[in-house]
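Pasting entry-v8.txt here (compact mmCIF, C-alpha atoms and all ligand atoms):
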# COMPACT_ATOMS: atom_id res chain seq x y z
CA MET B 1 14.08 -18.12 4.05
CA SER B 2 12.89 -14.57 3.62
CA PHE B 3 11.72 -12.41 6.52
CA THR B 4 8.59 -10.52 5.52
CA ILE B 5 7.20 -7.40 7.11
CA ALA B 6 3.58 -6.80 6.08
CA ILE B 7 2.23 -3.28 6.43
CA ASP B 8 -1.39 -2.44 5.69
CA GLY B 9 -3.55 0.61 6.11
CA PRO B 10 -5.73 3.16 4.33
CA ALA B 11 -4.59 5.91 1.94
CA ALA B 12 -2.27 8.55 3.45
CA SER B 13 -1.97 6.73 6.79
CA GLY B 14 1.82 7.05 6.69
CA LYS B 15 2.36 3.36 5.86
CA GLY B 16 4.48 4.09 2.78
CA THR B 17 6.88 6.40 4.60
CA LEU B 18 7.10 3.91 7.44
CA ALA B 19 7.69 1.00 5.05
CA ARG B 20 10.54 2.81 3.28
CA ARG B 21 12.11 3.74 6.58
CA ILE B 22 11.93 0.17 7.89
CA ALA B 23 13.31 -1.28 4.66
CA ALA B 24 16.27 1.10 4.71
CA HIS B 25 16.99 0.37 8.37
CA TYR B 26 16.98 -3.43 8.03
CA GLY B 27 18.46 -3.60 4.51
CA PHE B 28 15.31 -5.25 3.14
CA ARG B 29 13.77 -4.68 -0.29
CA HIS B 30 10.54 -2.70 -0.39
CA LEU B 31 7.45 -3.08 -2.54
CA ASP B 32 4.67 -0.50 -2.49
CA THR B 33 1.92 -2.80 -3.76
CA GLY B 34 -0.39 0.17 -4.35
CA LEU B 35 1.88 1.05 -7.26
CA THR B 36 1.12 -2.31 -8.90
CA TYR B 37 -2.61 -1.48 -8.96
CA ARG B 38 -1.79 2.05 -10.12
CA ALA B 39 0.42 0.70 -12.94
CA VAL B 40 -2.48 -1.40 -14.24
CA ALA B 41 -4.90 1.55 -13.99
CA LYS B 42 -2.49 3.83 -15.84
CA ALA B 43 -1.93 1.29 -18.61
CA LEU B 44 -5.71 1.13 -19.18
CA MET B 45 -6.09 4.91 -19.05
CA ASP B 46 -3.20 5.44 -21.50
CA ALA B 47 -4.75 2.91 -23.90
CA GLY B 48 -8.19 4.55 -23.60
CA GLN B 49 -9.68 1.33 -22.22
CA PRO B 50 -12.46 1.32 -19.61
CA LEU B 51 -11.33 0.56 -16.05
CA ASP B 52 -13.63 -2.44 -15.82
CA ASP B 53 -12.27 -4.15 -18.95
CA GLU B 54 -11.17 -7.29 -17.16
CA ALA B 55 -9.32 -8.93 -20.05
CA ALA B 56 -7.29 -5.78 -20.76
CA ALA B 57 -6.56 -5.31 -17.04
CA ILE B 58 -5.33 -8.91 -16.65
CA GLU B 59 -3.01 -8.47 -19.60
CA ALA B 60 -1.67 -5.20 -18.23
CA ALA B 61 -1.18 -6.83 -14.81
CA GLN B 62 0.92 -9.60 -16.36
CA ARG B 63 2.94 -7.33 -18.59
CA PHE B 64 4.31 -4.34 -16.68
CA ASP B 65 7.77 -4.47 -15.12
CA ILE B 66 7.74 -4.10 -11.32
CA ALA B 67 11.27 -2.67 -11.41
CA ASP B 68 10.09 0.13 -13.70
CA MET B 69 7.24 1.40 -11.49
CA ARG B 70 7.83 5.04 -10.66
CA ARG B 71 6.05 6.73 -7.80
CA ASP B 72 6.29 10.20 -9.40
CA VAL B 73 4.62 8.96 -12.60
CA LEU B 74 1.88 7.08 -10.72
CA ALA B 75 1.25 9.48 -7.80
CA ASP B 76 -1.69 11.45 -9.19
CA HIS B 77 -4.88 11.05 -7.17
CA THR B 78 -6.91 10.30 -10.33
CA ILE B 79 -4.66 7.25 -10.82
CA GLY B 80 -5.22 6.27 -7.17
CA GLU B 81 -8.95 6.52 -7.66
CA ALA B 82 -8.75 4.48 -10.89
CA ALA B 83 -6.53 1.91 -9.13
CA SER B 84 -9.19 1.30 -6.49
CA LYS B 85 -11.67 0.50 -9.28
CA VAL B 86 -9.26 -1.90 -10.97
CA ALA B 87 -8.58 -3.45 -7.55
CA VAL B 88 -12.12 -4.81 -7.17
CA MET B 89 -11.55 -7.35 -9.97
CA THR B 90 -10.62 -10.74 -8.51
CA ALA B 91 -8.82 -11.95 -11.64
CA VAL B 92 -6.57 -8.88 -11.62
CA ARG B 93 -5.82 -9.27 -7.92
CA ARG B 94 -4.86 -12.91 -8.48
CA VAL B 95 -2.18 -11.92 -11.02
CA LEU B 96 -0.79 -9.07 -8.92
CA VAL B 97 -0.82 -11.02 -5.64
CA GLN B 98 1.18 -13.82 -7.29
CA ARG B 99 3.79 -11.30 -8.50
CA GLN B 100 3.92 -9.67 -5.04
CA ARG B 101 4.54 -13.08 -3.41
CA VAL B 102 7.46 -13.74 -5.77
CA PHE B 103 8.92 -10.38 -4.70
CA ALA B 104 8.45 -11.22 -1.00
CA ALA B 105 10.06 -14.65 -1.25
CA ARG B 106 13.57 -13.53 -2.22
CA PRO B 107 16.00 -13.52 0.76
CA PRO B 108 16.99 -11.90 3.02
CA GLY B 109 13.72 -10.09 3.54
CA ALA B 110 11.18 -7.65 2.22
CA VAL B 111 8.77 -5.01 3.38
CA LEU B 112 5.46 -4.95 1.49
CA ASP B 113 2.86 -2.29 2.08
CA GLY B 114 -0.71 -2.21 0.82
CA ARG B 115 -4.23 -3.18 1.86
CA ASP B 116 -4.19 -6.99 1.99
CA ILE B 117 -0.57 -7.94 2.71
CA GLY B 118 -1.13 -9.40 6.18
CA THR B 119 -4.49 -10.95 5.31
CA VAL B 120 -3.95 -12.34 1.79
CA VAL B 121 -0.54 -11.79 0.16
CA CYS B 122 1.70 -12.86 3.05
CA PRO B 123 -0.54 -14.30 5.79
CA ASP B 124 2.48 -16.04 7.37
CA ALA B 125 4.58 -12.86 7.67
CA PRO B 126 6.29 -12.82 11.09
CA VAL B 127 5.58 -9.10 11.48
CA LYS B 128 2.27 -7.46 10.55
CA LEU B 129 1.54 -3.81 11.14
CA TYR B 130 -1.75 -2.04 10.53
CA VAL B 131 -1.15 1.68 10.23
CA THR B 132 -4.10 4.01 10.50
CA ALA B 133 -5.09 7.60 11.29
CA SER B 134 -8.35 9.53 11.23
CA ALA B 135 -9.60 10.58 7.77
CA GLN B 136 -9.21 14.25 8.77
CA VAL B 137 -5.58 13.82 9.75
CA ARG B 138 -4.84 11.87 6.58
CA ALA B 139 -6.50 14.51 4.39
CA ARG B 140 -4.50 17.26 6.09
CA ARG B 141 -1.24 15.38 5.57
CA ARG B 142 -1.96 14.78 1.90
CA PHE B 143 -2.95 18.44 1.51
CA HIS B 144 0.35 19.69 2.97
CA GLU B 145 2.29 17.15 0.91
CA ILE B 146 0.72 18.49 -2.31
CA LEU B 147 1.36 22.12 -1.33
CA GLY B 148 4.92 21.21 -0.34
CA ASN B 149 5.46 19.83 -3.83
CA GLY B 150 4.30 23.12 -5.34
CA GLY B 151 0.83 21.83 -6.25
CA GLU B 152 -2.66 23.15 -5.55
CA ALA B 153 -5.43 21.39 -3.70
CA GLU B 154 -8.50 21.83 -1.54
CA GLU B 155 -8.49 20.01 1.73
CA ALA B 156 -12.24 19.29 1.62
CA VAL B 157 -11.91 17.68 -1.82
CA ILE B 158 -9.03 15.51 -0.61
CA LEU B 159 -11.05 14.45 2.45
CA ALA B 160 -14.01 13.47 0.27
CA ASP B 161 -11.67 11.54 -2.02
CA ILE B 162 -10.07 9.70 0.90
CA GLU B 163 -13.47 8.80 2.38
CA LYS B 164 -14.67 7.49 -0.98
CA ARG B 165 -11.56 5.36 -1.41
CA ASP B 166 -11.78 4.00 2.19
CA GLU B 167 -15.38 3.03 1.52
CA ARG B 168 -14.50 1.19 -1.70
CA ASP B 169 -11.39 -0.52 -0.22
CA MET B 170 -13.06 -1.60 3.04
CA ASN B 171 -16.30 -2.87 1.54
CA ARG B 172 -15.23 -4.74 -1.57
CA ALA B 173 -15.95 -8.46 -1.65
CA ASP B 174 -12.42 -9.63 -2.47
CA SER B 175 -9.61 -8.83 0.02
CA PRO B 176 -11.22 -5.85 1.77
CA LEU B 177 -8.94 -3.59 3.78
CA LYS B 178 -8.92 -4.77 7.40
CA PRO B 179 -6.30 -5.58 10.01
CA ALA B 180 -5.10 -9.21 10.16
CA GLU B 181 -6.03 -10.81 13.47
CA ASP B 182 -2.39 -10.87 14.54
CA ALA B 183 -1.51 -7.36 13.28
CA HIS B 184 -0.09 -4.71 15.59
CA LEU B 185 -2.16 -1.54 15.32
CA LEU B 186 -0.34 1.78 14.96
CA ASP B 187 -2.61 4.82 15.04
CA THR B 188 -0.50 7.69 13.68
CA SER B 189 -3.17 10.40 14.18
CA GLU B 190 -1.17 11.90 17.02
CA MET B 191 2.16 10.24 16.42
CA THR B 192 5.13 11.47 14.40
CA ILE B 193 6.58 9.18 11.77
CA GLU B 194 9.67 8.91 14.00
CA ALA B 195 7.58 7.67 16.93
CA ALA B 196 5.79 5.19 14.65
CA PHE B 197 9.15 3.96 13.36
CA GLN B 198 10.46 3.44 16.91
CA ALA B 199 7.30 1.51 17.85
CA ALA B 200 7.67 -0.65 14.73
CA ARG B 201 11.35 -1.27 15.46
CA THR B 202 10.59 -2.65 18.91
CA ILE B 203 8.10 -5.10 17.40
CA ILE B 204 10.39 -6.14 14.52
CA ASP B 205 13.53 -6.53 16.68
CA ALA B 206 11.65 -8.84 19.04
CA ARG B 207 10.58 -11.09 16.14
CA LEU B 208 14.04 -11.05 14.54
CA ASN B 209 15.58 -12.13 17.85
CA GLU B 210 13.11 -14.99 18.14
CA SER B 211 13.83 -16.27 14.65
CA SER B 212 17.64 -16.04 14.85
O1 LIG D 301 -1.82 2.70 -1.65
P1 LIG D 301 -2.31 3.36 -2.92
O2 LIG D 301 -3.08 4.60 -2.69
O3 LIG D 301 -1.21 3.56 -3.91
O4 LIG D 301 -3.30 2.26 -3.57
C1 LIG D 301 -4.14 2.57 -4.65
C2 LIG D 301 -5.33 1.62 -4.64
O5 LIG D 301 -4.89 0.29 -4.97
C3 LIG D 301 -6.01 1.48 -3.28
O6 LIG D 301 -7.01 2.45 -3.08
C4 LIG D 301 -6.57 0.06 -3.34
O7 LIG D 301 -7.86 0.06 -3.94
C5 LIG D 301 -5.63 -0.67 -4.24
N1 LIG D 301 -4.74 -1.57 -3.50
C6 LIG D 301 -5.22 -2.81 -3.16
N2 LIG D 301 -4.41 -3.71 -2.55
C7 LIG D 301 -3.15 -3.39 -2.22
C8 LIG D 301 -2.65 -2.09 -2.52
C9 LIG D 301 -3.49 -1.19 -3.15
O8 LIG D 301 -6.37 -3.13 -3.43
N3 LIG D 301 -2.37 -4.30 -1.64
Once you've parsed the file, please lay out its structure as structure tokens.
Amino acid sequence: MSFTIAIDGPAASGKGTLARRIAAHYGFRHLDTGLTYRAVAKALMDAGQPLDDEAAAIEAAQRFDIADMRRDVLADHTIGEAASKVAVMTAVRRVLVQRQRVFAARPPGAVLDGRDIGTVVCPDAPVKLYVTASAQVRARRRFHEILGNGGEAEEAVILADIEKRDERDMNRADSPLKPAEDAHLLDTSEMTIEAAFQAARTIIDARLNESS
């Protein structure tokens, strides 16, 4: 048996940081499923193929190595934007979801973060968290993150980008971003990552005690 922690939420909500922190604390493996969509988008971009070329996207989704996905290589916001276009294709999602489930099934446990983990990928996960924050707060965080890494950005452009991506992710026909009915909501607008981690820990410890 594998214990799965499903974490969903919009871009820059803090779900990735929280997922890594939880995985390290409990000794679970972690999969940032956003990177799987980004890997497919980047493969198409590198090959000069259009982002809606379904056959090419399916092939890329089957081919890339999950262990080789690198956040620094895939972090660019143009890749994130391209990933959300690739992510509307049902046939591509089917391939990636299957690979994500294989990752989740290996004991002792795994933390998966994304948009549809609690609703589609792992609907039976004993712990589901939905991490959110206002678009303004998320844009500000992303802005400071980019500056902190020595980059340049305009906060208004980031906000527009985030709003566009929310719109696409929440309104697509297949697996739209939404909280699972049994998800715990964590609004990090006015919460530090430490406070969010402590709140998550209380929820996870209670479920681990029940299942042991
Ligand atoms: O989380 P990240 O910004 O890396 O995700 C990039 C894009 O991949 C998202 O905007 C979304 O369209 C897509 N995605 C998805 N399902 C997931 C994870 C990401 O559709 N589980």
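Of the listed residues B:Lys15, B:Lys42, B:Lys128, B:Arg207, the one whose atoms come nearest to Ala180 of chain B is B:Lys128, with distances taken using all atoms listed in the file.
Between ligand LIG 301 (chain D) and the candidates B:Ile117, B:Ala47, B:Met69, B:Leu147, the tightest atom-to-atom separation, counting all atoms listed in the file, involves B:Ile117.
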Find the distance between atom CA of Arg165 of chain B and atom CA of Glu190 of chain B and write it in Å to one decimal. 22.1 Å
Among the residues B:Ala195, B:Ala125, B:Ile162, B:Ala135, the one that comes closest to ligand LIG 301 (chain D) [using all atoms listed in the file]: B:Ile162
Residues within 12 Å of Glu181 of chain B, please, as an mmCIF file with C-alpha atoms, in the frame of the given file. Count only C-alpha atoms; anything in the same chain fewer than 4 positions from it doesn't count.
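Below is the file around.cif, written as the result:
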data_model
loop_
_atom_site.group_PDB
_atom_site.id
_atom_site.type_symbol
_atom_site.label_atom_id
_atom_site.label_comp_id
_atom_site.auth_asym_id
_atom_site.auth_seq_id
_atom_site.Cartn_x
_atom_site.Cartn_y
_atom_site.Cartn_z
ATOM 1 C CA GLY B 118 -1.130 -9.400 6.180
ATOM 2 C CA THR B 119 -4.490 -10.950 5.310
ATOM 3 C CA VAL B 120 -3.950 -12.340 1.790
ATOM 4 C CA PRO B 123 -0.540 -14.300 5.790
ATOM 5 C CA ASP B 124 2.480 -16.040 7.370
ATOM 6 C CA VAL B 127 5.580 -9.100 11.480
ATOM 7 C CA LYS B 128 2.270 -7.460 10.550
ATOM 8 C CA LEU B 129 1.540 -3.810 11.140
ATOM 9 C CA TYR B 130 -1.750 -2.040 10.530
ATOM 10 C CA LEU B 185 -2.160 -1.540 15.320
#
N, CA and C atoms for segment 62-97 of chain B, written as a short mmCIF file (atom, residue, chain, number, x, y, z; two decimals), keeping the file's coordinate frame, could you do that?
data_model
loop_
_atom_site.label_atom_id
_atom_site.label_comp_id
_atom_site.auth_asym_id
_atom_site.auth_seq_id
_atom_site.Cartn_x
_atom_site.Cartn_y
_atom_site.Cartn_z
N GLN B 62 -0.13 -8.62 -16.09
CA GLN B 62 0.92 -9.60 -16.36
C GLN B 62 2.14 -8.96 -17.00
N ARG B 63 1.91 -7.86 -17.70
CA ARG B 63 2.94 -7.33 -18.59
C ARG B 63 3.91 -6.34 -17.96
N PHE B 64 3.43 -5.44 -17.09
CA PHE B 64 4.31 -4.34 -16.68
C PHE B 64 5.48 -4.86 -15.83
N ASP B 65 6.56 -4.08 -15.83
CA ASP B 65 7.77 -4.47 -15.12
C ASP B 65 7.77 -3.82 -13.73
N ILE B 66 7.79 -4.63 -12.68
CA ILE B 66 7.74 -4.10 -11.32
C ILE B 66 8.93 -3.16 -11.07
N ALA B 67 10.08 -3.49 -11.63
CA ALA B 67 11.27 -2.67 -11.41
C ALA B 67 11.15 -1.29 -12.05
N ASP B 68 10.24 -1.16 -13.00
CA ASP B 68 10.09 0.13 -13.70
C ASP B 68 9.03 1.04 -13.09
N MET B 69 8.33 0.59 -12.04
CA MET B 69 7.24 1.40 -11.49
C MET B 69 7.83 2.64 -10.84
N ARG B 70 7.29 3.79 -11.22
CA ARG B 70 7.83 5.04 -10.66
C ARG B 70 6.74 5.80 -9.93
N ARG B 71 7.00 6.03 -8.65
CA ARG B 71 6.05 6.73 -7.80
C ARG B 71 5.66 8.08 -8.37
N ASP B 72 6.62 8.86 -8.91
CA ASP B 72 6.29 10.20 -9.40
C ASP B 72 5.32 10.12 -10.59
N VAL B 73 5.48 9.10 -11.42
CA VAL B 73 4.62 8.96 -12.60
C VAL B 73 3.21 8.48 -12.21
N LEU B 74 3.14 7.73 -11.10
CA LEU B 74 1.88 7.08 -10.72
C LEU B 74 1.17 7.76 -9.54
N ALA B 75 1.73 8.89 -9.06
CA ALA B 75 1.25 9.48 -7.80
C ALA B 75 -0.11 10.16 -7.90
N ASP B 76 -0.49 10.62 -9.07
CA ASP B 76 -1.69 11.45 -9.19
C ASP B 76 -2.92 10.81 -8.54
N HIS B 77 -3.75 11.65 -7.89
CA HIS B 77 -4.88 11.05 -7.17
C HIS B 77 -5.93 10.46 -8.12
N THR B 78 -5.97 10.93 -9.38
CA THR B 78 -6.91 10.30 -10.33
C THR B 78 -6.46 8.85 -10.63
N ILE B 79 -5.16 8.63 -10.61
CA ILE B 79 -4.66 7.25 -10.82
C ILE B 79 -4.98 6.40 -9.59
N GLY B 80 -4.88 7.00 -8.39
CA GLY B 80 -5.22 6.27 -7.17
C GLY B 80 -6.68 5.86 -7.16
N GLU B 81 -7.51 6.77 -7.58
CA GLU B 81 -8.95 6.52 -7.66
C GLU B 81 -9.24 5.40 -8.69
N ALA B 82 -8.58 5.50 -9.84
CA ALA B 82 -8.75 4.48 -10.89
C ALA B 82 -8.23 3.13 -10.40
N ALA B 83 -7.12 3.16 -9.64
CA ALA B 83 -6.53 1.91 -9.13
C ALA B 83 -7.52 1.19 -8.22
N SER B 84 -8.27 1.95 -7.42
CA SER B 84 -9.19 1.30 -6.49
C SER B 84 -10.38 0.69 -7.23
N LYS B 85 -10.63 1.14 -8.46
CA LYS B 85 -11.67 0.50 -9.28
C LYS B 85 -11.13 -0.79 -9.90
N VAL B 86 -9.90 -0.71 -10.40
CA VAL B 86 -9.26 -1.90 -10.97
C VAL B 86 -9.12 -2.99 -9.90
N ALA B 87 -8.88 -2.53 -8.65
CA ALA B 87 -8.58 -3.45 -7.55
C ALA B 87 -9.77 -4.28 -7.08
N VAL B 88 -10.97 -3.98 -7.57
CA VAL B 88 -12.12 -4.81 -7.17
C VAL B 88 -12.21 -6.09 -7.99
N MET B 89 -11.43 -6.18 -9.08
CA MET B 89 -11.55 -7.35 -9.97
C MET B 89 -10.66 -8.50 -9.47
N THR B 90 -11.33 -9.59 -9.09
CA THR B 90 -10.62 -10.74 -8.51
C THR B 90 -9.52 -11.28 -9.42
N ALA B 91 -9.80 -11.37 -10.72
CA ALA B 91 -8.82 -11.95 -11.64
C ALA B 91 -7.55 -11.10 -11.72
N VAL B 92 -7.72 -9.79 -11.59
CA VAL B 92 -6.57 -8.88 -11.62
C VAL B 92 -5.78 -9.04 -10.33
N ARG B 93 -6.48 -9.10 -9.21
CA ARG B 93 -5.82 -9.27 -7.92
C ARG B 93 -4.99 -10.55 -7.91
N ARG B 94 -5.56 -11.62 -8.49
CA ARG B 94 -4.86 -12.91 -8.48
C ARG B 94 -3.49 -12.78 -9.15
N VAL B 95 -3.45 -12.09 -10.28
CA VAL B 95 -2.18 -11.92 -11.02
C VAL B 95 -1.20 -11.08 -10.19
N LEU B 96 -1.69 -9.97 -9.64
CA LEU B 96 -0.79 -9.07 -8.92
C LEU B 96 -0.31 -9.70 -7.60
N VAL B 97 -1.21 -10.39 -6.91
CA VAL B 97 -0.82 -11.02 -5.64
C VAL B 97 0.29 -12.05 -5.88
#
